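First the structure, in the form of structure tokens, and then the observations on it.
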Amino acid sequence: MKQLRNNVIRVGLEALYFSGAHHLLRPLLAGVGAIFMLHHVRPPREDAFQPNRHLEVTPDFLRATLCHLRSHDIDIVSMDELHERLAQGRFTPRFAAFTLDDGYRDNRDFALPLLCEFGAPATIYVASDFAEGTGCLWWIALEAIVAKAGHIDVQIGHAALRLDTTTAHAKQAAFERLHDWLRALPGEDDLEREITALCTKYDVDMAALCRELCLSWNELKALAADPLVTVGAHTITHCNLAKQSEEIATQEMALSRARIEHALGRPVQHFAYPYGDRHAAGEREFALAGASGFKTAVTTRPGMLFAENAGHSTALPRVSLNGNYQDARILPVLTSGAATAMWNGFRRFAAA
């Protein structure tokens with residue numbers, strides 16, 4: 001089902017490109033700017049089974065994106081400046097910001113050199129447990145489990161299942177089944193319990209994965225000294241805030257901010273909602289982010305920025321640089337606003 005959705009999206013992007021419709025729609029839909037969302041930036045892997053491929057782009061694709069923006073005279077700005085331009089109504093020239101979620105080490109090793117080459121600021125949103133090396137990167141652990149197993153035995157509800165994982169196709173199907181089940185569990189404790197049980201059964205060290213992939217506090221402190229880098233907060237545990245009580249959600253925001261400020265010795269004024277879709281961040285979370293003192297907070301809801309976003313700075317949409325669609329031809333489509341407008345039913349702006 002997810003592969004079908006990916007194929008439909010790809011066909012839609014190509015149709016916009018080859019028809020030239022994005023040129024006609026740009027004046028109506030491009031807005032005043034965009035916030036680009038990334039996770040991993042690293043060289044391509046050759047593995048046939050890569051269920052989290054959508055979360056990584058290659059340095060070449062990032063370079064192509066930077067070149068595209070520069071060639072169209074789009075200013076690349078920090079989140080501080082983006083906030084100022086929205087608040088002050090300074091919309092010419094158009095602008096873009098780069099954001100990277102979770103705090104992966106490849107952000108430093110592969111993204112930062114390119115960003116420095118182009119003089120492009122970026123914000124890295126850090127989940128403080130990830131920086132501690134104790135975080136629950138459950139989607140990465142699940143990939144490791146399915147990759148190494150010949151089958152997966154799991155209890156889902158009242159059903160005891162054996163999922164085939166003997167081929168890349170079977171592994172993808174098993175991963176999607178388990179991923180959807182874990183995301184739908186009622187609480188973060190339930191998710192952590194189940195993924196921990198799977199890790200134990202199939203000999204995957206989730207803490208080791210976290211230490212391998214994520215920047216430590218010392219590495220983040222060195223990175224934050226770069227004038228092009230802003231470090232933002234991404235909660236303590238990378239939990240779905242909408243599933244938490246108001247008290248816990250507030251703590252996840254405020255304490256993650258306090259931990260990062262203490263470790264790095266600098267203020268943290270920007271926030272990213274984990275998962276960030278309509279099931280993870282809504283009006284309550286937007287209000288809590290504002291009450292916690294963040295200047296901006298970003299979702300994963302697709303969209304360009306418009307003047308109206310100035311009044312909703314804790315509910316900002318982003319444009320995903322998705323690893324499934326790494327084709328330089330789609331960049332004019334993305335920056336035209338046509339793709340995100342199609343996704344949103346051609347509503348230019350929606351804050352809730």
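Here, A, B, ... name the chains of the structure tokens in the order displayed, residue numbers run from 1 inside each chain, and ligands are numbered from 1 in the same displayed order.
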- From a DSSP calculation on the backbone, collect every residue of stretch 203-272 of chain A in strand (DSSP E or B) and output the set as a ChimeraX atom specification. /A:214,229-233,270-272
- Query: Which polymer residues have any atom within 9 Å of an atom of A:Leu305, counting only C-alpha atoms, with same-chain residues fewer than 4 positions away left out, as a ChimeraX atom specification?
  - Reply: /A:30-35,86,309-310,316-318,348-349
- Item | Near-A:His39 list (12 Å; only C-alpha atoms; drop same-chain fewer than 5 positions) as a ChimeraX atom specification | /A:52-58,62,98-108,110-111,123-126,213-214,274-275,300,320-323
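The residue that comes closest to A:Ser19, out of A:Met304, A:Leu115, A:Ala96, A:Val333 and on the basis of only C-alpha atoms, is A:Val333.
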- Please report, as a ChimeraX atom specification, each residue of stretch 128-293 of chain A to which DSSP assigns alpha helix (DSSP H) when run on this structure's backbone. /A:128-132,138-148,168-184,188-201,206-213,217-224,246-264,283-291
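Using only C-alpha atoms for every distance, the candidate list A:Ala258, A:Ile195, A:Ala144, A:Ala160 yields A:Ala144 as the residue closest to A:Phe49.
Among A:Gly135, A:Leu28, A:Val229, A:Leu161, the residue with the shortest atom-to-atom distance to A:Gly119, counting only C-alpha atoms, is A:Val229.
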- Message: Can you tell me which residues surround A:Arg70 at a distance of at most 12 Å, considering only C-alpha atoms, apart from same-chain residues fewer than 2 positions away, and format the answer as number ranges by chain?
- Response: A: 63-68, 72-77, 93-96, 118-120
- Item | Exercise: A:His23 partners within 12 Å, only C-alpha atoms, chain neighbours under 2 positions left out, as a list in words | Leu16, Tyr17, Phe18, Ser19, Gly20, Ala21, Leu25, Arg26, Pro27, Leu28, Leu29, Ala30, Pro332, Val333, Leu334, Thr335, Ser336, Gly337, Ala338 and Ala339 of chain A
For those residues, write N, CA, C and O atoms to a file as a PDB file, in the first residue's frame.
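Saved the output as out.pdb:
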ATOM      1  N   LEU A  16       3.170  17.149 -13.020  1.00  0.00           N
ATOM      2  CA  LEU A  16       3.303  18.594 -12.850  1.00  0.00           C
ATOM      3  C   LEU A  16       4.526  19.115 -13.601  1.00  0.00           C
ATOM      4  O   LEU A  16       4.480  20.179 -14.221  1.00  0.00           O
ATOM      5  N   TYR A  17       5.608  18.341 -13.557  1.00  0.00           N
ATOM      6  CA  TYR A  17       6.838  18.780 -14.225  1.00  0.00           C
ATOM      7  C   TYR A  17       6.675  18.777 -15.745  1.00  0.00           C
ATOM      8  O   TYR A  17       6.924  19.787 -16.415  1.00  0.00           O
ATOM      9  N   PHE A  18       6.250  17.649 -16.295  1.00  0.00           N
ATOM     10  CA  PHE A  18       6.209  17.517 -17.749  1.00  0.00           C
ATOM     11  C   PHE A  18       5.107  18.375 -18.377  1.00  0.00           C
ATOM     12  O   PHE A  18       5.236  18.822 -19.517  1.00  0.00           O
ATOM     13  N   SER A  19       4.038  18.630 -17.631  1.00  0.00           N
ATOM     14  CA  SER A  19       2.970  19.479 -18.169  1.00  0.00           C
ATOM     15  C   SER A  19       3.316  20.953 -18.114  1.00  0.00           C
ATOM     16  O   SER A  19       2.717  21.770 -18.815  1.00  0.00           O
ATOM     17  N   GLY A  20       4.283  21.271 -17.268  1.00  0.00           N
ATOM     18  CA  GLY A  20       4.620  22.675 -17.077  1.00  0.00           C
ATOM     19  C   GLY A  20       3.624  23.414 -16.203  1.00  0.00           C
ATOM     20  O   GLY A  20       3.713  24.644 -16.046  1.00  0.00           O
ATOM     21  N   ALA A  21       2.691  22.694 -15.607  1.00  0.00           N
ATOM     22  CA  ALA A  21       1.651  23.342 -14.799  1.00  0.00           C
ATOM     23  C   ALA A  21       2.243  24.097 -13.618  1.00  0.00           C
ATOM     24  O   ALA A  21       1.678  25.106 -13.173  1.00  0.00           O
ATOM     25  N   LEU A  25       1.214  27.732 -11.888  1.00  0.00           N
ATOM     26  CA  LEU A  25       0.693  27.761 -10.530  1.00  0.00           C
ATOM     27  C   LEU A  25       1.601  28.504  -9.553  1.00  0.00           C
ATOM     28  O   LEU A  25       1.149  28.927  -8.481  1.00  0.00           O
ATOM     29  N   ARG A  26       2.872  28.676  -9.930  1.00  0.00           N
ATOM     30  CA  ARG A  26       3.832  29.287  -9.014  1.00  0.00           C
ATOM     31  C   ARG A  26       3.354  30.632  -8.436  1.00  0.00           C
ATOM     32  O   ARG A  26       3.433  30.842  -7.216  1.00  0.00           O
ATOM     33  N   PRO A  27       2.878  31.578  -9.265  1.00  0.00           N
ATOM     34  CA  PRO A  27       2.476  32.869  -8.697  1.00  0.00           C
ATOM     35  C   PRO A  27       1.367  32.762  -7.652  1.00  0.00           C
ATOM     36  O   PRO A  27       1.259  33.608  -6.762  1.00  0.00           O
ATOM     37  N   LEU A  28       0.540  31.740  -7.755  1.00  0.00           N
ATOM     38  CA  LEU A  28      -0.576  31.566  -6.835  1.00  0.00           C
ATOM     39  C   LEU A  28      -0.207  30.766  -5.591  1.00  0.00           C
ATOM     40  O   LEU A  28      -0.757  31.002  -4.512  1.00  0.00           O
ATOM     41  N   LEU A  29       0.724  29.824  -5.746  1.00  0.00           N
ATOM     42  CA  LEU A  29       0.915  28.809  -4.711  1.00  0.00           C
ATOM     43  C   LEU A  29       2.288  28.808  -4.054  1.00  0.00           C
ATOM     44  O   LEU A  29       2.477  28.121  -3.044  1.00  0.00           O
ATOM     45  N   ALA A  30       3.258  29.556  -4.588  1.00  0.00           N
ATOM     46  CA  ALA A  30       4.615  29.484  -4.053  1.00  0.00           C
ATOM     47  C   ALA A  30       4.754  30.175  -2.709  1.00  0.00           C
ATOM     48  O   ALA A  30       5.680  29.892  -1.945  1.00  0.00           O
ATOM     49  N   PRO A 332      11.857  22.302  -9.096  1.00  0.00           N
ATOM     50  CA  PRO A 332      10.978  23.429  -9.469  1.00  0.00           C
ATOM     51  C   PRO A 332       9.523  23.196  -9.107  1.00  0.00           C
ATOM     52  O   PRO A 332       8.796  24.143  -8.809  1.00  0.00           O
ATOM     53  N   VAL A 333       9.105  21.927  -9.100  1.00  0.00           N
ATOM     54  CA  VAL A 333       7.728  21.607  -8.699  1.00  0.00           C
ATOM     55  C   VAL A 333       7.547  21.873  -7.208  1.00  0.00           C
ATOM     56  O   VAL A 333       6.555  22.475  -6.778  1.00  0.00           O
ATOM     57  N   LEU A 334       8.524  21.436  -6.401  1.00  0.00           N
ATOM     58  CA  LEU A 334       8.434  21.639  -4.958  1.00  0.00           C
ATOM     59  C   LEU A 334       8.421  23.113  -4.600  1.00  0.00           C
ATOM     60  O   LEU A 334       7.623  23.552  -3.765  1.00  0.00           O
ATOM     61  N   THR A 335       9.301  23.908  -5.216  1.00  0.00           N
ATOM     62  CA  THR A 335       9.383  25.315  -4.843  1.00  0.00           C
ATOM     63  C   THR A 335       8.262  26.147  -5.463  1.00  0.00           C
ATOM     64  O   THR A 335       8.055  27.295  -5.069  1.00  0.00           O
ATOM     65  N   SER A 336       7.527  25.564  -6.409  1.00  0.00           N
ATOM     66  CA  SER A 336       6.374  26.276  -6.971  1.00  0.00           C
ATOM     67  C   SER A 336       5.170  26.238  -6.031  1.00  0.00           C
ATOM     68  O   SER A 336       4.230  27.021  -6.183  1.00  0.00           O
ATOM     69  N   GLY A 337       5.182  25.318  -5.080  1.00  0.00           N
ATOM     70  CA  GLY A 337       4.042  25.137  -4.192  1.00  0.00           C
ATOM     71  C   GLY A 337       2.959  24.244  -4.760  1.00  0.00           C
ATOM     72  O   GLY A 337       1.986  23.925  -4.069  1.00  0.00           O
ATOM     73  N   ALA A 338       3.109  23.817  -6.017  1.00  0.00           N
ATOM     74  CA  ALA A 338       2.061  23.025  -6.654  1.00  0.00           C
ATOM     75  C   ALA A 338       1.884  21.670  -5.981  1.00  0.00           C
ATOM     76  O   ALA A 338       0.750  21.205  -5.793  1.00  0.00           O
ATOM     77  N   ALA A 339       2.981  21.030  -5.623  1.00  0.00           N
ATOM     78  CA  ALA A 339       2.895  19.686  -5.042  1.00  0.00           C
ATOM     79  C   ALA A 339       2.209  19.713  -3.677  1.00  0.00           C
ATOM     80  O   ALA A 339       1.311  18.906  -3.406  1.00  0.00           O
TER      81      ALA A 339
END
- Task: One decimal, Å: what's the distance from atom CA of A:Leu228 over to atom CA of A:Pro44, could you say?
- Result: 25.4 Å
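Here the question is which of A:Asp109, A:Asp80, A:Asp190, A:Glu143 gets nearest to A:Phe175 using only C-alpha atoms, and that residue is A:Glu143.
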- Query: Quick one: of A:Ile152, A:Ala174, A:Ala287, A:Ala147, who's nearest to A:Met253, counting only C-alpha atoms?
  - Reply: A:Ala287
- Message: With only C-alpha atoms as the counted atoms, please give the residues lying no more than 8 Å from stretch 215-217 of chain A, apart from itself and same-chain residues fewer than 3 positions off, as a PyMOL selection string.
- Response: chain A and resi 103-105+130-133+211+220-221+263-264
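Between atom CA of A:Ala289 and atom CA of A:Trp138 there is a distance of 24.7 Å.
The residue that comes closest to A:Glu285, out of A:Ile248, A:Ala254, A:Ala242, A:Ala127 and on the basis of only C-alpha atoms, is A:Ala242.
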